[in-house]
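Just below is one structure, and these are the notes that go with it.
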Amino acid sequence: MSIEVNKVSKYYGQQAALKEVSLSIKEGDVVGFLGPNGAGKSTLMKIICCYLSKDEGEVNVCGQNIEDNPIETKSKIGYLPEHNPLYTDMYIKEYLAFVAGIYGVSKNRIEEMISITGLEKEQHKIISQLSKGYRQRVGLAAALIHDPEVLILDEPTTGLDPNQLVEIRNLIKDSGKNKTVLLSTHIMQEVDRICNRVIIINKGQIVADKTMAQLRADNIDLESYFQELTK
């Protein structure tokens, strides 16, 4: 399994953000991770990425326990958080070179990622001059630059216009051809078009875990199904 989460809990004071959450995601899966605001999506993603500690349970990424090997775990994950943390006073190439240096990646990879993410026309700009769509491309390029086995994306298309949304969606779909992807979103059409599986979380607990093929075979509308489980 690429990601294994076993009875993970996280508390903020007396409030449980996650309550004994368990899930497993195999290599090559593209999973839509759905839930209302405050359901625990970002919390679990941050725990998997070693950016947040859990209070109970166990997490393994690509066979590595995240507590035993946090640095090794991070090297296997590409992570794009909800609020894309870019250094906006840097040029695109300068920023990607900085990220590549952290991972010890060849500078040849920078040109490759600029091409893959469609940044050629903008590559000589400062990040602060870019539109939101192009900033998301830079974030994805940074997440992919070390060729991770697992890609974790927290609401990567929030705030994009329809054209930008399609472009980023296609980029994620292409990236998922040879990686395990965990994608958090509020846009049901994204899950339908990109993902082969959906996991729904509500109030810190998993309430559904189905393949998209199962939903289609059972004639289940994802939006209605989501509302029924989370209202």
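Ordering of the structure tokens sets the chain letters (A, B, ...), residue numbers begin anew at 1 in every chain, and ligands are numbered from 1 in the order given.
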
inquiry  = Taking 2 positions as the minimum chain separation for residues in the same chain, which residues sit within 6 Å of A:Ile152 when counting only C-alpha atoms? Answer as a list in words.
reply    =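 With the cut-off at 6 Å, the set is Tyr79, Val181 and Leu182 of chain A.
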
Just-selected residues, N, CA and C atoms written as a PDB file, in the first residue's frame:
ATOM      1  N   TYR A  79       3.488  17.530  -1.918  1.00  0.00           N
ATOM      2  CA  TYR A  79       2.357  18.085  -1.165  1.00  0.00           C
ATOM      3  C   TYR A  79       2.070  19.505  -1.624  1.00  0.00           C
ATOM      4  N   VAL A 181      -2.433   9.376  -5.864  1.00  0.00           N
ATOM      5  CA  VAL A 181      -2.890  10.751  -5.633  1.00  0.00           C
ATOM      6  C   VAL A 181      -4.028  10.760  -4.619  1.00  0.00           C
ATOM      7  N   LEU A 182      -3.900  11.621  -3.606  1.00  0.00           N
ATOM      8  CA  LEU A 182      -4.974  11.893  -2.658  1.00  0.00           C
ATOM      9  C   LEU A 182      -5.355  13.347  -2.842  1.00  0.00           C
TER      10      LEU A 182
END

Residues of stretch 33-135 of chain A at most 9 Å from stretch 196-204 of chain A: nearest atom pair and distance in Å, only C-alpha atoms, as a Markdown table:
| residue | atom | partner | partner_atom | distance |
| --- | --- | --- | --- | --- |
| A:Phe33 | CA | A:Ile199 | CA | 5.0 |
| A:Leu34 | CA | A:Ile200 | CA | 4.7 |
| A:Gly35 | CA | A:Ile201 | CA | 5.0 |
| A:Pro36 | CA | A:Asn202 | CA | 6.8 |
| A:Gly38 | CA | A:Lys203 | CA | 7.3 |
| A:Ala39 | CA | A:Lys203 | CA | 4.7 |
| A:Gly40 | CA | A:Gly204 | CA | 5.2 |
| A:Lys41 | CA | A:Ile201 | CA | 7.1 |

May I have the residues from that selection written out with N, CA and C atoms, as a PDB file, in the first residue's frame?
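Saved result, part26.pdb, follows:
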ATOM      1  N   PHE A  33     -10.915  12.947  -1.847  1.00  0.00           N
ATOM      2  CA  PHE A  33     -11.122  12.984  -0.397  1.00  0.00           C
ATOM      3  C   PHE A  33     -12.090  14.121  -0.101  1.00  0.00           C
ATOM      4  N   LEU A  34     -13.332  13.765   0.199  1.00  0.00           N
ATOM      5  CA  LEU A  34     -14.403  14.748   0.332  1.00  0.00           C
ATOM      6  C   LEU A  34     -14.871  14.895   1.773  1.00  0.00           C
ATOM      7  N   GLY A  35     -15.376  16.080   2.085  1.00  0.00           N
ATOM      8  CA  GLY A  35     -15.948  16.333   3.399  1.00  0.00           C
ATOM      9  C   GLY A  35     -16.278  17.796   3.538  1.00  0.00           C
ATOM     10  N   PRO A  36     -17.246  18.142   4.409  1.00  0.00           N
ATOM     11  CA  PRO A  36     -17.541  19.559   4.639  1.00  0.00           C
ATOM     12  C   PRO A  36     -16.359  20.262   5.299  1.00  0.00           C
ATOM     13  N   GLY A  38     -14.118  21.679   7.995  1.00  0.00           N
ATOM     14  CA  GLY A  38     -13.947  21.268   9.385  1.00  0.00           C
ATOM     15  C   GLY A  38     -14.123  19.789   9.628  1.00  0.00           C
ATOM     16  N   ALA A  39     -14.239  18.992   8.557  1.00  0.00           N
ATOM     17  CA  ALA A  39     -14.475  17.548   8.723  1.00  0.00           C
ATOM     18  C   ALA A  39     -13.211  16.787   9.113  1.00  0.00           C
ATOM     19  N   GLY A  40     -12.046  17.378   8.836  1.00  0.00           N
ATOM     20  CA  GLY A  40     -10.784  16.713   9.183  1.00  0.00           C
ATOM     21  C   GLY A  40      -9.898  16.378   7.999  1.00  0.00           C
ATOM     22  N   LYS A  41     -10.279  16.822   6.793  1.00  0.00           N
ATOM     23  CA  LYS A  41      -9.515  16.500   5.586  1.00  0.00           C
ATOM     24  C   LYS A  41      -8.087  17.025   5.657  1.00  0.00           C
TER      25      LYS A  41
END

remark   = Between atom CA of A:Ile187 and atom CA of A:Glu155 lies a distance of 8.9 Å

ask   = In stretch 113-224 of chain A, what's alpha helix (DSSP H) per DSSP? Answer as a ChimeraX atom specification?
value = /A:113-116,132-144,162-175,188-194,212-217,222-224

ask   = Out of A:Asp192, A:Gly28, A:Gln14, A:Gln205, which residue has the shortest atom-to-atom distance to A:Ser175 when counting only C-alpha atoms?
value =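 Using only C-alpha atoms, A:Ser175 sits closest to A:Gly28.
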
Nearest to A:Asp161 by atom-to-atom distance, counting only C-alpha atoms, from A:Ser131, A:Gln189, A:Asn6, A:Ser115 = A:Ser131

message = My list of candidates is A:Thr88, A:Asn163, A:Asn170, A:Ser184. Which is closest to A:Val138 when distances are computed with only C-alpha atoms?
response =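 Using only C-alpha atoms, the shortest distance to A:Val138 belongs to A:Thr88.
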
inquiry  = So that I can see what lies close to stretch 56-59 of chain A, please list as a PyMOL selection string the residues with an atom at most 8 Å from it, counting only C-alpha atoms and leaving out residues fewer than 5 positions away in the same chain.
reply    = chain A and resi 3-10+20+48+65-66

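Of the listed residues (A:His124, A:Lys132, A:His146, A:Lys46), A:His146 comes nearest to A:Ser75; the distances count only C-alpha atoms.
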
request  = Write out as a VMD selection string all residues of stretch 60-114 of chain A that backbone DSSP assigns to strand (DSSP E or B).
outcome  = chain A and resid 60 to 61 64 to 65 77 to 80 91

Please produce a file of the residues just selected, as a short mmCIF file (atom, residue, chain, number, x, y, z; two decimals), in the first residue's frame, where the atoms kept are C-alpha atoms.
data_model
loop_
_atom_site.label_atom_id
_atom_site.label_comp_id
_atom_site.auth_asym_id
_atom_site.auth_seq_id
_atom_site.Cartn_x
_atom_site.Cartn_y
_atom_site.Cartn_z
CA ASN A 60 2.74 4.32 6.92
CA VAL A 61 3.69 5.82 3.56
CA GLN A 64 7.69 3.55 6.00
CA ASN A 65 6.32 4.48 9.41
CA ILE A 77 5.50 12.78 -0.99
CA GLY A 78 4.65 15.77 -3.14
CA TYR A 79 2.36 18.09 -1.17
CA LEU A 80 0.36 21.10 -2.32
CA TYR A 91 11.25 34.33 -10.14
#

ask   = With only C-alpha atoms as the atoms that count, which of A:Leu153, A:Ala17, A:Ala143, A:Leu171 lies nearest to A:Thr117?
value =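 Using only C-alpha atoms, the shortest distance to A:Thr117 belongs to A:Leu171.
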
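Take atom CA of A:Ser42 and atom CA of A:Lys177: the distance between them is 23.6 Å.
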
key: Selected residue, from A:Thr211, A:Ser224, A:Ile127, A:Leu140, that lies nearest to A:Met113 when counting only C-alpha atoms   =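 For A:Met113, the nearest of the candidates is A:Leu140.
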
remark   = re atom CA of A:Ile114 and atom CA of A:Glu27: distance 25.7 Å

query = Any idea what's packed within 7 Å of A:Ile92, counting only C-alpha atoms, ignoring anything in its chain fewer than 3 positions away? Could you give it as JSON, numbers by chain?
reply = {"A": [95, 96, 123, 124, 125, 126, 127]}

Restricted to N, CA and C atoms, what would the selected residues look like written as a PDB file, in the first residue's frame?
ATOM      1  N   TYR A  95      12.642  30.075  -7.837  1.00  0.00           N
ATOM      2  CA  TYR A  95      11.916  29.342  -6.797  1.00  0.00           C
ATOM      3  C   TYR A  95      12.049  27.832  -6.998  1.00  0.00           C
ATOM      4  N   LEU A  96      11.872  27.364  -8.222  1.00  0.00           N
ATOM      5  CA  LEU A  96      11.981  25.932  -8.489  1.00  0.00           C
ATOM      6  C   LEU A  96      13.406  25.424  -8.262  1.00  0.00           C
ATOM      7  N   GLN A 123       7.815  31.696 -17.568  1.00  0.00           N
ATOM      8  CA  GLN A 123       8.941  31.257 -16.744  1.00  0.00           C
ATOM      9  C   GLN A 123       9.909  32.367 -16.333  1.00  0.00           C
ATOM     10  N   HIS A 124       9.890  33.492 -17.036  1.00  0.00           N
ATOM     11  CA  HIS A 124      10.810  34.582 -16.692  1.00  0.00           C
ATOM     12  C   HIS A 124      10.173  35.630 -15.781  1.00  0.00           C
ATOM     13  N   LYS A 125       8.956  35.347 -15.298  1.00  0.00           N
ATOM     14  CA  LYS A 125       8.248  36.300 -14.449  1.00  0.00           C
ATOM     15  C   LYS A 125       8.519  36.058 -12.961  1.00  0.00           C
ATOM     16  N   ILE A 126       8.316  37.120 -12.181  1.00  0.00           N
ATOM     17  CA  ILE A 126       8.291  36.995 -10.725  1.00  0.00           C
ATOM     18  C   ILE A 126       6.940  36.392 -10.342  1.00  0.00           C
ATOM     19  N   ILE A 127       6.907  35.544  -9.337  1.00  0.00           N
ATOM     20  CA  ILE A 127       5.683  34.825  -8.971  1.00  0.00           C
ATOM     21  C   ILE A 127       4.543  35.788  -8.625  1.00  0.00           C
TER      22      ILE A 127
END

task = Name all residues at most 9 Å from A:Gln136 (count only C-alpha atoms; drop same-chain ones fewer than 5 positions away) and give them as a PyMOL selection string.
result = chain A and resi 80+84+131+141+156-157+168

task = For A:Tyr103, work out the shell of residues within 10 Å, counting only C-alpha atoms and skipping chain neighbours fewer than 2 positions away, then give it as a ChimeraX atom specification.
result = /A:74-75,97-101,105-106,145-146

N, CA and C atoms of the current selection, written as an mmCIF file, in the first residue's frame:
data_model
loop_
_atom_site.group_PDB
_atom_site.id
_atom_site.type_symbol
_atom_site.label_atom_id
_atom_site.label_comp_id
_atom_site.auth_asym_id
_atom_site.auth_seq_id
_atom_site.Cartn_x
_atom_site.Cartn_y
_atom_site.Cartn_z
ATOM 1 N N LYS A 74 8.877 12.191 3.811
ATOM 2 C CA LYS A 74 8.686 13.447 3.077
ATOM 3 C C LYS A 74 9.285 13.383 1.675
ATOM 4 N N SER A 75 10.381 12.629 1.523
ATOM 5 C CA SER A 75 11.021 12.526 0.209
ATOM 6 C C SER A 75 10.147 11.767 -0.785
ATOM 7 N N ALA A 97 14.398 26.264 -8.537
ATOM 8 C CA ALA A 97 15.784 25.895 -8.241
ATOM 9 C C ALA A 97 15.997 25.762 -6.740
ATOM 10 N N PHE A 98 15.364 26.652 -5.985
ATOM 11 C CA PHE A 98 15.442 26.589 -4.526
ATOM 12 C C PHE A 98 14.850 25.275 -4.010
ATOM 13 N N VAL A 99 13.660 24.907 -4.522
ATOM 14 C CA VAL A 99 13.007 23.664 -4.101
ATOM 15 C C VAL A 99 13.827 22.454 -4.544
ATOM 16 N N ALA A 100 14.336 22.494 -5.768
ATOM 17 C CA ALA A 100 15.161 21.390 -6.272
ATOM 18 C C ALA A 100 16.393 21.200 -5.406
ATOM 19 N N GLY A 101 16.969 22.311 -4.947
ATOM 20 C CA GLY A 101 18.150 22.239 -4.089
ATOM 21 C C GLY A 101 17.862 21.563 -2.761
ATOM 22 N N VAL A 105 17.869 17.648 -6.207
ATOM 23 C CA VAL A 105 17.474 17.247 -7.555
ATOM 24 C C VAL A 105 18.293 18.012 -8.593
ATOM 25 N N SER A 106 18.610 17.366 -9.699
ATOM 26 C CA SER A 106 19.350 17.996 -10.786
ATOM 27 C C SER A 106 18.594 19.200 -11.331
ATOM 28 N N ILE A 145 8.605 18.114 -8.378
ATOM 29 C CA ILE A 145 9.966 18.269 -8.889
ATOM 30 C C ILE A 145 10.894 17.122 -8.488
ATOM 31 N N HIS A 146 10.646 16.490 -7.342
ATOM 32 C CA HIS A 146 11.499 15.384 -6.901
ATOM 33 C C HIS A 146 10.929 14.021 -7.293
#
